[in-house]
Amino acid sequence: MSWSLFKRMWREKRLGAIGGLIFLLFLLCGIFADFLAPYGMNEPDLTVRLQAPSSEYFFGTDHLGRDVFSRVLIGAQLSMVVGFLAAGLATVVSIVVGVLSGYFGGRIDMFIQRFVDAWMTFPDLLLLIVVISILGPGMPQIIIVLGFLYGIAGSRIVRGSVVSVRETMYTHAAQSMGASTLRILFKHILPNVMPVVIVLFTTRVGATILAEAGLSFLGLGVPPPSPTWGSMLSGTGRTYMYLGPWLALAPGLCLTIVVYAINVYGDALRDLIDPRMRGVR
Amino acid sequence: MQAYIARRLLALLPTLFFASLIVFMSMRLIPGDVIDLMLAQNDVATSQDRARIEAALGLDQPLLTQYLDWVGGVLQGDLGRSLWQNTPVTEQLAATLPITFELGFLALLIALSVALPIGIYSAMRQDTTGDYVVRSFSLLMLAIPSFWLGTLVMVFPSVWWRWSPPLAYVPFFEDPVANLSHMLVPAILLGLSMSAVTMRMTRTMMLEVLRQDYIRTARAKGLSENLMIARHALRNGLIPVVTLIGLQVPLLIGGAVILEQIFVVPGMGLLLLEAVFQRDYPVISGIFLVVGVGVLLINLLIDLSYGFLDPKVRHQ
C-alpha cells in the first residue's frame, strides 16, 4: 500500500486507517516476537504458577508458570504466518480458478462453477475438520487446506471481475491484433482485476486467522507445544481459568482486535480502491 | 410456478453430483497408514480388523465401483456403519440431528429478532450516532470468535457470582424448561454472531428501498412513517434478507460445532468431533453428506419461496 493511498484513507476513512495501523502493530509484534518476549514460550516455572497480571508478568502466568504475555506474542507470530501464507495461497487459487473460468468461459466455466457451487454448500468449518481429520493436524496442512478452502470460494469474485474485463474494448482490440492468450491474460486481464485481488487478500487474512484459531480451539490446529491463540483457550488451560480468569482474556482479546482491525481496514480499502465491491464479503 | 420449480430442481442435479464427488473423494484421500493408526489407537482392535476396516471403507474395490456402490447405498438410505460402535450412521444422525436443528432454530429466531428491528432502525436513522453505534457493534460481533465468547460466559459468571450455565442435556419432550435453559445460552451466542451480518444486510436493503419512488409517493399521500415501513418498505426490503438467511445456514452449522463442544450439547457437531478424534470415517462422511445435501435443499426451498414472494423471479 502506497503512502499516498494511506494518507487518503486517513482523511476519508479514519476508522479503517486506524485498523490498518493496529494490524501493522500486531504484525510487527509477530515478526519481532522472539526479541520482545521476556520469557520463553515453553519455560515452565512451577514456583510462579497462576500468578495474576503484574509488572513482572503483564498477562499473568498459566498453570505451569509460563508467562502468558510471551506466549501471546508467539501466538501472534503463528497467527500472522498462518494468516499471510494461507491468504496468499487462497489468492493464488482464486486467481487461477477465477481466470480459467471467467476468461475461457463455455464448458470449462460451466464445469468449474458447478464444482464451486457444490464446494460452497459445505460449511467452512466442516470442510476444514473433515480434511484435517484425514491429513492430521499440523501447520503446513492447515495452511494448504485454508488456502484451498478460501481460494475456491473467492474465485467467484475474481471470475466476475475477469468476465467484465474480458468484454472491454481494449481486450477485444488486443484479441483482434492477434495477441497471444498469455499476453492478454498478463498484460490486460490481470492488472485490471488487481484491485479486487488486493481487497480479497486483505479480507482473507482475517478470515484465515479466525479459522485457524477455531481449529486450534477444537484441538485440530497447530499442535502443541506451539502456543496459538485458539489452543490457549482450550484444552487443559480451560480447567485453570476458574482459578486464573486472566488466562481466558488475552488470547481472545488479541484475536478479536486483530480480526476487527483487518476487517475495518479491508472495508475501507475496498471503498477506496474498488467501490464496485461494496457489500461483498 | 411449476416450470420454475422444475427448472430449480434440474439446476440442482449437477451441484448434487459434484457435492457427492467431494464427499466421496474426501474418503479416498485417507492414506493407507491411517488404518494402521486407527488400529494402534484402539486397543481392542486386532490384526484381522484391518481387513474389516478396509472392506468397510471399501478400499479394496476399483474407484468407479466404490463410487457407484456408495451412491447406491446412499440413495437407499444406507450411510454405512460406525467403525467402532458398529451402529448404522443413519441411526446416530437421527439421534443427534434434531438437537442441532433445535439449537440452530433457536439461534435463527434470536438472530432475526435482534437483527431486523435494529437493522431497520439503523436505516431509518442513517448517519446518526445510533446508526454509527449499531454499525460498529455489528462489525465487532463479526470479529469476536464464538468460542471466546462461550469461554467467557463459562468462566466469569462462575468466578464472580458462582453461577455457570447448565451443561446437562435434557430432551425437550421430557422437560421443556430444563431443555431450554440448557440450550438458551449457546443459542444466544450463535444467534448474536449470526445477527451481525443480517443486521448489515437489512440496513443496506432498507436504505435502498427507502430511496424508491413508491416510498416517496407513500410519504406524499400522508401515510404515517410506521405504516409506510410496514406496508411498503419491509415487504420489498426483506426479500434479499431471506436469501441471506439461506446463505448463513452453513455458518450456523459451523458455529454449532464449536458451541456444542463448549456447552456439551449432544448434537451433530459433538458427534462429528468425537468421530474425528476416533477417526470414524463412515460417520464423518455421513455427516458431511447430510449437511451438504441439507444446505442445498434449504437453499432450494428459499429459492422457491423467493418465487412466491417476488412474482418477477418466476418469469425470468
# chains A, B, ... in the order shown; residues from 1 in each chain; ligands from 1
>>> interface_residues(of="chain B", to="chain A", cutoff="7 Å", atoms="only C-alpha atoms", output="NGL selection string")
:B and (14-16 or 18-19 or 30 or 140 or 143-145 or 148 or 152 or 155 or 159 or 250-251 or 253-254 or 276 or 284 or 291-292 or 295-296)
>>> write_last_selection(atoms="N, CA and C atoms", output="CSV table (one decimal), in the first residue's frame")
chain,number,residue,atom,x,y,z
B,14,PRO,N,-26.5,-31.1,-11.2
B,14,PRO,CA,-25.1,-31.1,-11.3
B,14,PRO,C,-24.4,-30.7,-9.9
B,15,THR,N,-25.0,-29.8,-9.2
B,15,THR,CA,-24.4,-29.4,-7.9
B,15,THR,C,-24.4,-30.6,-6.9
B,16,LEU,N,-25.5,-31.4,-6.9
B,16,LEU,CA,-25.6,-32.6,-6.1
B,16,LEU,C,-24.5,-33.6,-6.5
B,18,PHE,N,-21.6,-33.0,-8.0
B,18,PHE,CA,-20.3,-32.6,-7.5
B,18,PHE,C,-20.1,-32.7,-6.0
B,19,ALA,N,-21.2,-32.4,-5.3
B,19,ALA,CA,-21.2,-32.5,-3.8
B,19,ALA,C,-20.9,-33.9,-3.4
B,30,ILE,N,-8.0,-40.7,2.4
B,30,ILE,CA,-7.5,-41.4,3.6
B,30,ILE,C,-6.3,-42.3,3.2
B,140,LEU,N,-18.0,-5.5,15.2
B,140,LEU,CA,-17.3,-6.1,16.3
B,140,LEU,C,-17.8,-7.6,16.5
B,143,ALA,N,-16.1,-10.0,14.4
B,143,ALA,CA,-14.7,-10.3,14.8
B,143,ALA,C,-14.6,-11.2,16.0
B,144,ILE,N,-15.6,-11.1,16.9
B,144,ILE,CA,-15.4,-11.9,18.1
B,144,ILE,C,-15.7,-13.4,17.8
B,145,PRO,N,-14.7,-14.2,18.1
B,145,PRO,CA,-15.0,-15.6,17.8
B,145,PRO,C,-15.9,-16.2,18.9
B,148,TRP,N,-14.6,-17.9,22.0
B,148,TRP,CA,-14.1,-17.0,23.1
B,148,TRP,C,-15.2,-16.5,23.9
B,152,LEU,N,-15.8,-17.1,27.9
B,152,LEU,CA,-16.1,-16.0,28.8
B,152,LEU,C,-17.3,-16.3,29.6
B,155,VAL,N,-16.6,-18.9,32.2
B,155,VAL,CA,-15.7,-18.6,33.3
B,155,VAL,C,-16.1,-17.5,34.2
B,159,VAL,N,-16.7,-17.3,38.3
B,159,VAL,CA,-15.8,-16.7,39.2
B,159,VAL,C,-16.4,-15.6,40.0
B,250,PRO,N,-24.8,-22.6,6.4
B,250,PRO,CA,-23.5,-23.2,6.6
B,250,PRO,C,-22.8,-22.6,7.9
B,251,LEU,N,-22.9,-21.3,8.0
B,251,LEU,CA,-22.3,-20.6,9.1
B,251,LEU,C,-22.9,-21.1,10.4
B,253,ILE,N,-24.2,-24.0,11.0
B,253,ILE,CA,-23.8,-25.3,11.4
B,253,ILE,C,-22.3,-25.3,11.9
B,254,GLY,N,-21.5,-24.5,11.2
B,254,GLY,CA,-20.1,-24.4,11.7
B,254,GLY,C,-20.0,-23.9,13.1
B,276,VAL,N,-14.2,-37.5,14.6
B,276,VAL,CA,-12.9,-37.1,14.1
B,276,VAL,C,-11.7,-37.6,15.0
B,284,ILE,N,-18.0,-39.6,9.8
B,284,ILE,CA,-17.6,-38.3,9.3
B,284,ILE,C,-18.2,-38.0,7.9
B,291,VAL,N,-25.1,-32.8,5.8
B,291,VAL,CA,-25.0,-31.4,5.9
B,291,VAL,C,-25.0,-30.7,4.5
B,292,GLY,N,-24.2,-31.3,3.6
B,292,GLY,CA,-24.1,-30.7,2.2
B,292,GLY,C,-25.5,-30.7,1.6
B,295,VAL,N,-28.0,-28.3,3.2
B,295,VAL,CA,-27.8,-26.9,2.9
B,295,VAL,C,-28.4,-26.7,1.5
B,296,LEU,N,-28.1,-27.6,0.6
B,296,LEU,CA,-28.6,-27.4,-0.8
B,296,LEU,C,-30.2,-27.4,-0.8
>>> select_by_dssp(residues="segment 40-146 of chain B", states="alpha helix (DSSP H)", output="ChimeraX atom specification")
/B:40-41,48-57,63-75,89-124,129-143,146
>>> write_last_selection(atoms="C-alpha atoms", output="mmCIF file, in the first residue's frame")
data_model
loop_
_atom_site.group_PDB
_atom_site.id
_atom_site.type_symbol
_atom_site.label_atom_id
_atom_site.label_comp_id
_atom_site.auth_asym_id
_atom_site.auth_seq_id
_atom_site.Cartn_x
_atom_site.Cartn_y
_atom_site.Cartn_z
ATOM 1 C CA ALA B 40 -2.972 -48.544 17.054
ATOM 2 C CA GLN B 41 -5.280 -46.050 18.736
ATOM 3 C CA GLN B 48 -7.958 -59.166 11.436
ATOM 4 C CA ASP B 49 -9.804 -55.874 11.953
ATOM 5 C CA ARG B 50 -7.617 -54.371 9.271
ATOM 6 C CA ALA B 51 -9.363 -56.291 6.536
ATOM 7 C CA ARG B 52 -12.728 -55.418 8.057
ATOM 8 C CA ILE B 53 -11.934 -51.691 8.129
ATOM 9 C CA GLU B 54 -10.615 -51.751 4.574
ATOM 10 C CA ALA B 55 -13.762 -53.530 3.463
ATOM 11 C CA ALA B 56 -15.963 -51.140 5.430
ATOM 12 C CA LEU B 57 -14.267 -48.191 3.793
ATOM 13 C CA LEU B 63 -12.642 -46.488 -7.795
ATOM 14 C CA LEU B 64 -15.711 -46.403 -10.041
ATOM 15 C CA THR B 65 -17.239 -49.455 -8.358
ATOM 16 C CA GLN B 66 -16.648 -47.827 -4.983
ATOM 17 C CA TYR B 67 -18.394 -44.644 -6.054
ATOM 18 C CA LEU B 68 -21.383 -46.416 -7.586
ATOM 19 C CA ASP B 69 -21.731 -48.717 -4.572
ATOM 20 C CA TRP B 70 -21.572 -45.765 -2.262
ATOM 21 C CA VAL B 71 -24.105 -43.670 -4.190
ATOM 22 C CA GLY B 72 -26.383 -46.692 -4.495
ATOM 23 C CA GLY B 73 -26.224 -47.173 -0.739
ATOM 24 C CA VAL B 74 -26.828 -43.500 -0.039
ATOM 25 C CA LEU B 75 -29.886 -43.457 -2.317
ATOM 26 C CA VAL B 89 -24.634 -43.981 10.781
ATOM 27 C CA THR B 90 -28.237 -43.053 9.930
ATOM 28 C CA GLU B 91 -29.268 -44.073 13.455
ATOM 29 C CA GLN B 92 -26.634 -41.831 15.031
ATOM 30 C CA LEU B 93 -27.685 -38.978 12.782
ATOM 31 C CA ALA B 94 -31.353 -39.468 13.641
ATOM 32 C CA ALA B 95 -30.459 -39.150 17.321
ATOM 33 C CA THR B 96 -28.299 -36.040 17.018
ATOM 34 C CA LEU B 97 -29.697 -34.070 14.075
ATOM 35 C CA PRO B 98 -32.892 -32.869 15.831
ATOM 36 C CA ILE B 99 -30.788 -31.471 18.697
ATOM 37 C CA THR B 100 -28.604 -29.433 16.347
ATOM 38 C CA PHE B 101 -31.736 -28.411 14.477
ATOM 39 C CA GLU B 102 -33.281 -27.100 17.699
ATOM 40 C CA LEU B 103 -30.120 -25.151 18.510
ATOM 41 C CA GLY B 104 -29.995 -23.688 15.004
ATOM 42 C CA PHE B 105 -33.685 -22.818 15.021
ATOM 43 C CA LEU B 106 -33.452 -21.020 18.384
ATOM 44 C CA ALA B 107 -30.348 -19.189 17.194
ATOM 45 C CA LEU B 108 -32.109 -18.125 14.000
ATOM 46 C CA LEU B 109 -35.093 -16.802 15.978
ATOM 47 C CA ILE B 110 -32.784 -14.837 18.251
ATOM 48 C CA ALA B 111 -30.722 -13.551 15.321
ATOM 49 C CA LEU B 112 -33.795 -12.310 13.454
ATOM 50 C CA SER B 113 -35.460 -10.722 16.473
ATOM 51 C CA VAL B 114 -32.247 -8.813 17.165
ATOM 52 C CA ALA B 115 -31.160 -8.046 13.606
ATOM 53 C CA LEU B 116 -34.385 -6.970 11.906
ATOM 54 C CA PRO B 117 -35.548 -4.214 14.304
ATOM 55 C CA ILE B 118 -32.022 -2.879 14.757
ATOM 56 C CA GLY B 119 -31.277 -3.022 11.031
ATOM 57 C CA ILE B 120 -34.492 -1.143 10.222
ATOM 58 C CA TYR B 121 -33.831 1.411 12.965
ATOM 59 C CA SER B 122 -30.307 1.902 11.694
ATOM 60 C CA ALA B 123 -31.536 2.535 8.132
ATOM 61 C CA MET B 124 -34.221 4.990 9.238
ATOM 62 C CA THR B 129 -24.994 8.400 16.436
ATOM 63 C CA GLY B 130 -27.403 5.485 16.906
ATOM 64 C CA ASP B 131 -26.688 4.212 13.401
ATOM 65 C CA TYR B 132 -22.954 4.543 13.994
ATOM 66 C CA VAL B 133 -23.088 2.624 17.286
ATOM 67 C CA VAL B 134 -25.138 -0.159 15.686
ATOM 68 C CA ARG B 135 -22.755 -0.485 12.756
ATOM 69 C CA SER B 136 -19.628 -0.596 14.907
ATOM 70 C CA PHE B 137 -21.287 -3.153 17.154
ATOM 71 C CA SER B 138 -22.168 -5.418 14.241
ATOM 72 C CA LEU B 139 -18.597 -5.181 12.890
ATOM 73 C CA LEU B 140 -17.339 -6.116 16.350
ATOM 74 C CA MET B 141 -19.691 -9.102 16.525
ATOM 75 C CA LEU B 142 -18.219 -10.282 13.214
ATOM 76 C CA ALA B 143 -14.746 -10.276 14.758
ATOM 77 C CA SER B 146 -17.897 -17.524 19.322
#
>>> closest_residue(among="B:Leu223, B:Leu83, B:Leu273, B:Leu192", to="Glu260 of chain B", atoms="only C-alpha atoms")
B:Leu273
>>> residues_around(residues="segment 154-167 of chain A", least_positions_apart="6", cutoff="10 Å", atoms="only C-alpha atoms", output="PDB file with N, CA and C atoms, in the first residue's frame")
ATOM      1  N   ALA A  90      -4.643 -18.719  -0.918  1.00  0.00           N
ATOM      2  CA  ALA A  90      -6.050 -18.576  -1.324  1.00  0.00           C
ATOM      3  C   ALA A  90      -6.169 -17.614  -2.500  1.00  0.00           C
ATOM      4  N   THR A  91      -5.393 -16.531  -2.451  1.00  0.00           N
ATOM      5  CA  THR A  91      -5.467 -15.546  -3.522  1.00  0.00           C
ATOM      6  C   THR A  91      -4.988 -16.143  -4.841  1.00  0.00           C
ATOM      7  N   VAL A  92      -3.879 -16.900  -4.773  1.00  0.00           N
ATOM      8  CA  VAL A  92      -3.366 -17.525  -5.992  1.00  0.00           C
ATOM      9  C   VAL A  92      -4.402 -18.498  -6.562  1.00  0.00           C
ATOM     10  N   VAL A  93      -4.988 -19.317  -5.676  1.00  0.00           N
ATOM     11  CA  VAL A  93      -6.003 -20.271  -6.133  1.00  0.00           C
ATOM     12  C   VAL A  93      -7.187 -19.523  -6.753  1.00  0.00           C
ATOM     13  N   SER A  94      -7.619 -18.447  -6.077  1.00  0.00           N
ATOM     14  CA  SER A  94      -8.752 -17.662  -6.599  1.00  0.00           C
ATOM     15  C   SER A  94      -8.439 -17.123  -7.989  1.00  0.00           C
ATOM     16  N   ILE A  95      -7.201 -16.622  -8.178  1.00  0.00           N
ATOM     17  CA  ILE A  95      -6.835 -16.053  -9.480  1.00  0.00           C
ATOM     18  C   ILE A  95      -6.842 -17.139 -10.550  1.00  0.00           C
ATOM     19  N   VAL A  96      -6.180 -18.261 -10.255  1.00  0.00           N
ATOM     20  CA  VAL A  96      -6.076 -19.328 -11.262  1.00  0.00           C
ATOM     21  C   VAL A  96      -7.470 -19.828 -11.645  1.00  0.00           C
ATOM     22  N   VAL A  97      -8.271 -20.165 -10.638  1.00  0.00           N
ATOM     23  CA  VAL A  97      -9.599 -20.712 -10.920  1.00  0.00           C
ATOM     24  C   VAL A  97     -10.496 -19.646 -11.556  1.00  0.00           C
ATOM     25  N   GLY A  98     -10.449 -18.433 -10.995  1.00  0.00           N
ATOM     26  CA  GLY A  98     -11.298 -17.355 -11.498  1.00  0.00           C
ATOM     27  C   GLY A  98     -10.986 -16.992 -12.935  1.00  0.00           C
ATOM     28  N   VAL A  99      -9.687 -16.940 -13.286  1.00  0.00           N
ATOM     29  CA  VAL A  99      -9.298 -16.576 -14.651  1.00  0.00           C
ATOM     30  C   VAL A  99      -9.658 -17.694 -15.622  1.00  0.00           C
ATOM     31  N   LEU A 100      -9.364 -18.940 -15.223  1.00  0.00           N
ATOM     32  CA  LEU A 100      -9.713 -20.082 -16.074  1.00  0.00           C
ATOM     33  C   LEU A 100     -11.195 -20.050 -16.399  1.00  0.00           C
ATOM     34  N   SER A 101     -11.993 -19.864 -15.350  1.00  0.00           N
ATOM     35  CA  SER A 101     -13.433 -19.931 -15.501  1.00  0.00           C
ATOM     36  C   SER A 101     -13.975 -18.699 -16.228  1.00  0.00           C
ATOM     37  N   GLY A 102     -13.486 -17.542 -15.850  1.00  0.00           N
ATOM     38  CA  GLY A 102     -14.034 -16.296 -16.393  1.00  0.00           C
ATOM     39  C   GLY A 102     -13.554 -15.985 -17.795  1.00  0.00           C
ATOM     40  N   TYR A 103     -12.259 -16.224 -18.079  1.00  0.00           N
ATOM     41  CA  TYR A 103     -11.734 -15.829 -19.383  1.00  0.00           C
ATOM     42  C   TYR A 103     -12.113 -16.822 -20.465  1.00  0.00           C
ATOM     43  N   PHE A 104     -11.988 -18.111 -20.131  1.00  0.00           N
ATOM     44  CA  PHE A 104     -12.231 -19.103 -21.181  1.00  0.00           C
ATOM     45  C   PHE A 104     -13.712 -19.415 -21.362  1.00  0.00           C
ATOM     46  N   GLY A 105     -14.496 -19.232 -20.292  1.00  0.00           N
ATOM     47  CA  GLY A 105     -15.945 -19.381 -20.402  1.00  0.00           C
ATOM     48  C   GLY A 105     -16.375 -20.749 -20.893  1.00  0.00           C
ATOM     49  N   ASP A 109     -16.106 -23.102 -17.889  1.00  0.00           N
ATOM     50  CA  ASP A 109     -16.751 -22.228 -16.918  1.00  0.00           C
ATOM     51  C   ASP A 109     -17.896 -22.952 -16.231  1.00  0.00           C
ATOM     52  N   ILE A 112     -16.526 -25.669 -13.890  1.00  0.00           N
ATOM     53  CA  ILE A 112     -15.902 -25.120 -12.681  1.00  0.00           C
ATOM     54  C   ILE A 112     -16.953 -24.512 -11.761  1.00  0.00           C
ATOM     55  N   GLN A 113     -17.909 -23.792 -12.333  1.00  0.00           N
ATOM     56  CA  GLN A 113     -18.894 -23.122 -11.486  1.00  0.00           C
ATOM     57  C   GLN A 113     -19.782 -24.101 -10.732  1.00  0.00           C
ATOM     58  N   VAL A 116     -17.736 -25.217  -7.876  1.00  0.00           N
ATOM     59  CA  VAL A 116     -17.667 -24.188  -6.828  1.00  0.00           C
ATOM     60  C   VAL A 116     -18.985 -24.136  -6.048  1.00  0.00           C
ATOM     61  N   ASP A 117     -20.115 -24.258  -6.762  1.00  0.00           N
ATOM     62  CA  ASP A 117     -21.424 -24.327  -6.095  1.00  0.00           C
ATOM     63  C   ASP A 117     -21.428 -25.409  -5.027  1.00  0.00           C
ATOM     64  N   PHE A 148      -6.889 -23.519   0.024  1.00  0.00           N
ATOM     65  CA  PHE A 148      -7.805 -24.037  -0.991  1.00  0.00           C
ATOM     66  C   PHE A 148      -9.248 -23.723  -0.643  1.00  0.00           C
ATOM     67  N   ILE A 184      -2.492 -11.502 -23.336  1.00  0.00           N
ATOM     68  CA  ILE A 184      -3.733 -10.818 -22.927  1.00  0.00           C
ATOM     69  C   ILE A 184      -3.974 -10.997 -21.435  1.00  0.00           C
ATOM     70  N   LEU A 185      -3.762 -12.236 -20.974  1.00  0.00           N
ATOM     71  CA  LEU A 185      -4.007 -12.510 -19.557  1.00  0.00           C
ATOM     72  C   LEU A 185      -3.104 -11.666 -18.669  1.00  0.00           C
ATOM     73  N   HIS A 188      -3.379  -7.496 -19.831  1.00  0.00           N
ATOM     74  CA  HIS A 188      -4.654  -6.781 -19.818  1.00  0.00           C
ATOM     75  C   HIS A 188      -5.587  -7.232 -18.703  1.00  0.00           C
ATOM     76  N   ILE A 189      -5.762  -8.547 -18.590  1.00  0.00           N
ATOM     77  CA  ILE A 189      -6.748  -9.034 -17.619  1.00  0.00           C
ATOM     78  C   ILE A 189      -6.229  -8.866 -16.186  1.00  0.00           C
ATOM     79  N   LEU A 190      -5.067  -9.453 -15.901  1.00  0.00           N
ATOM     80  CA  LEU A 190      -4.578  -9.455 -14.514  1.00  0.00           C
ATOM     81  C   LEU A 190      -4.411  -8.058 -13.911  1.00  0.00           C
ATOM     82  N   ASN A 192      -5.972  -5.461 -14.436  1.00  0.00           N
ATOM     83  CA  ASN A 192      -7.251  -4.816 -14.197  1.00  0.00           C
ATOM     84  C   ASN A 192      -8.101  -5.505 -13.137  1.00  0.00           C
ATOM     85  N   VAL A 193      -7.765  -6.756 -12.780  1.00  0.00           N
ATOM     86  CA  VAL A 193      -8.509  -7.364 -11.680  1.00  0.00           C
ATOM     87  C   VAL A 193      -7.728  -7.215 -10.361  1.00  0.00           C
ATOM     88  N   MET A 194      -6.543  -6.581 -10.432  1.00  0.00           N
ATOM     89  CA  MET A 194      -5.713  -6.455  -9.235  1.00  0.00           C
ATOM     90  C   MET A 194      -6.408  -5.802  -8.034  1.00  0.00           C
ATOM     91  N   PRO A 195      -7.165  -4.695  -8.234  1.00  0.00           N
ATOM     92  CA  PRO A 195      -7.829  -4.090  -7.067  1.00  0.00           C
ATOM     93  C   PRO A 195      -8.695  -5.098  -6.320  1.00  0.00           C
ATOM     94  N   VAL A 196      -9.467  -5.881  -7.069  1.00  0.00           N
ATOM     95  CA  VAL A 196     -10.321  -6.901  -6.469  1.00  0.00           C
ATOM     96  C   VAL A 196      -9.471  -7.903  -5.702  1.00  0.00           C
ATOM     97  N   VAL A 197      -8.347  -8.300  -6.308  1.00  0.00           N
ATOM     98  CA  VAL A 197      -7.488  -9.310  -5.697  1.00  0.00           C
ATOM     99  C   VAL A 197      -6.890  -8.802  -4.384  1.00  0.00           C
ATOM    100  N   LEU A 200      -9.525  -8.798  -1.758  1.00  0.00           N
ATOM    101  CA  LEU A 200      -9.813 -10.194  -1.419  1.00  0.00           C
ATOM    102  C   LEU A 200      -8.754 -10.728  -0.464  1.00  0.00           C
ATOM    103  N   PHE A 201      -7.490 -10.452  -0.780  1.00  0.00           N
ATOM    104  CA  PHE A 201      -6.389 -10.914   0.072  1.00  0.00           C
ATOM    105  C   PHE A 201      -6.538 -10.369   1.488  1.00  0.00           C
ATOM    106  N   ARG A 204      -9.206 -12.028   3.445  1.00  0.00           N
ATOM    107  CA  ARG A 204      -8.875 -13.424   3.705  1.00  0.00           C
ATOM    108  C   ARG A 204      -7.892 -13.590   4.854  1.00  0.00           C
ATOM    109  N   ARG A 276     -16.981  -0.797  -6.545  1.00  0.00           N
ATOM    110  CA  ARG A 276     -17.972  -1.734  -7.064  1.00  0.00           C
ATOM    111  C   ARG A 276     -18.173  -2.930  -6.139  1.00  0.00           C
ATOM    112  N   MET A 277     -17.137  -3.201  -5.315  1.00  0.00           N
ATOM    113  CA  MET A 277     -17.213  -4.405  -4.485  1.00  0.00           C
ATOM    114  C   MET A 277     -17.982  -4.191  -3.194  1.00  0.00           C
ATOM    115  N   VAL A 280     -19.573  -6.891  -0.716  1.00  0.00           N
ATOM    116  CA  VAL A 280     -19.029  -8.238  -0.931  1.00  0.00           C
ATOM    117  C   VAL A 280     -18.207  -8.638   0.285  1.00  0.00           C
ATOM    118  N   ARG A 281     -18.371  -9.862   0.726  1.00  0.00           N
ATOM    119  CA  ARG A 281     -17.584 -10.333   1.872  1.00  0.00           C
ATOM    120  C   ARG A 281     -16.844 -11.591   1.513  1.00  0.00           C
TER     121      ARG A 281
END
>>> closest_residue(among="A:Leu73, A:Ala268, A:Val205, A:Ile273", to="Ile18 of chain A", atoms="only C-alpha atoms")
A:Ala268
>>> residues_around(residues="Gln2 of chain B", least_positions_apart="2", cutoff="12 Å", atoms="only C-alpha atoms", output="list of chain:residue names")
B:Tyr4, B:Ile5, B:Ala6, B:Arg7, B:Arg8, B:Leu9, B:Leu304, B:Gly307, B:Phe308, B:Arg314, B:His315
>>> write_last_selection(atoms="N, CA and C atoms", output="PDB file, in the first residue's frame")
ATOM      1  N   TYR B   4     -41.038 -23.085 -13.012  1.00  0.00           N
ATOM      2  CA  TYR B   4     -39.968 -22.506 -12.190  1.00  0.00           C
ATOM      3  C   TYR B   4     -39.395 -23.558 -11.240  1.00  0.00           C
ATOM      4  N   ILE B   5     -40.301 -24.298 -10.573  1.00  0.00           N
ATOM      5  CA  ILE B   5     -39.842 -25.342  -9.642  1.00  0.00           C
ATOM      6  C   ILE B   5     -39.025 -26.390 -10.389  1.00  0.00           C
ATOM      7  N   ALA B   6     -39.525 -26.810 -11.563  1.00  0.00           N
ATOM      8  CA  ALA B   6     -38.821 -27.822 -12.345  1.00  0.00           C
ATOM      9  C   ALA B   6     -37.422 -27.335 -12.730  1.00  0.00           C
ATOM     10  N   ARG B   7     -37.332 -26.061 -13.127  1.00  0.00           N
ATOM     11  CA  ARG B   7     -36.034 -25.501 -13.507  1.00  0.00           C
ATOM     12  C   ARG B   7     -35.052 -25.528 -12.339  1.00  0.00           C
ATOM     13  N   ARG B   8     -35.552 -25.126 -11.177  1.00  0.00           N
ATOM     14  CA  ARG B   8     -34.676 -25.087  -9.991  1.00  0.00           C
ATOM     15  C   ARG B   8     -34.194 -26.491  -9.649  1.00  0.00           C
ATOM     16  N   LEU B   9     -35.103 -27.481  -9.752  1.00  0.00           N
ATOM     17  CA  LEU B   9     -34.728 -28.856  -9.414  1.00  0.00           C
ATOM     18  C   LEU B   9     -33.671 -29.377 -10.373  1.00  0.00           C
ATOM     19  N   LEU B 304     -37.364 -21.220  -3.898  1.00  0.00           N
ATOM     20  CA  LEU B 304     -38.764 -21.392  -4.265  1.00  0.00           C
ATOM     21  C   LEU B 304     -39.631 -20.354  -3.564  1.00  0.00           C
ATOM     22  N   GLY B 307     -39.706 -17.223  -5.281  1.00  0.00           N
ATOM     23  CA  GLY B 307     -40.652 -17.198  -6.382  1.00  0.00           C
ATOM     24  C   GLY B 307     -42.040 -16.765  -5.926  1.00  0.00           C
ATOM     25  N   PHE B 308     -42.421 -17.202  -4.693  1.00  0.00           N
ATOM     26  CA  PHE B 308     -43.717 -16.795  -4.153  1.00  0.00           C
ATOM     27  C   PHE B 308     -43.709 -15.322  -3.767  1.00  0.00           C
ATOM     28  N   ARG B 314     -40.266 -15.488 -10.986  1.00  0.00           N
ATOM     29  CA  ARG B 314     -40.851 -16.647 -11.646  1.00  0.00           C
ATOM     30  C   ARG B 314     -40.715 -16.581 -13.165  1.00  0.00           C
ATOM     31  N   HIS B 315     -40.779 -15.384 -13.709  1.00  0.00           N
ATOM     32  CA  HIS B 315     -40.874 -15.264 -15.167  1.00  0.00           C
ATOM     33  C   HIS B 315     -39.548 -15.038 -15.853  1.00  0.00           C
TER      34      HIS B 315
END
>>> atom_distance(atom1="atom CA of Ile31 of chain A", atom2="atom CA of Leu149 of chain A")
26.0 Å
>>> closest_residue(among="A:Arg11, A:Leu24, A:Gly16, A:Arg66", to="Pro38 of chain A", atoms="only C-alpha atoms")
A:Arg66
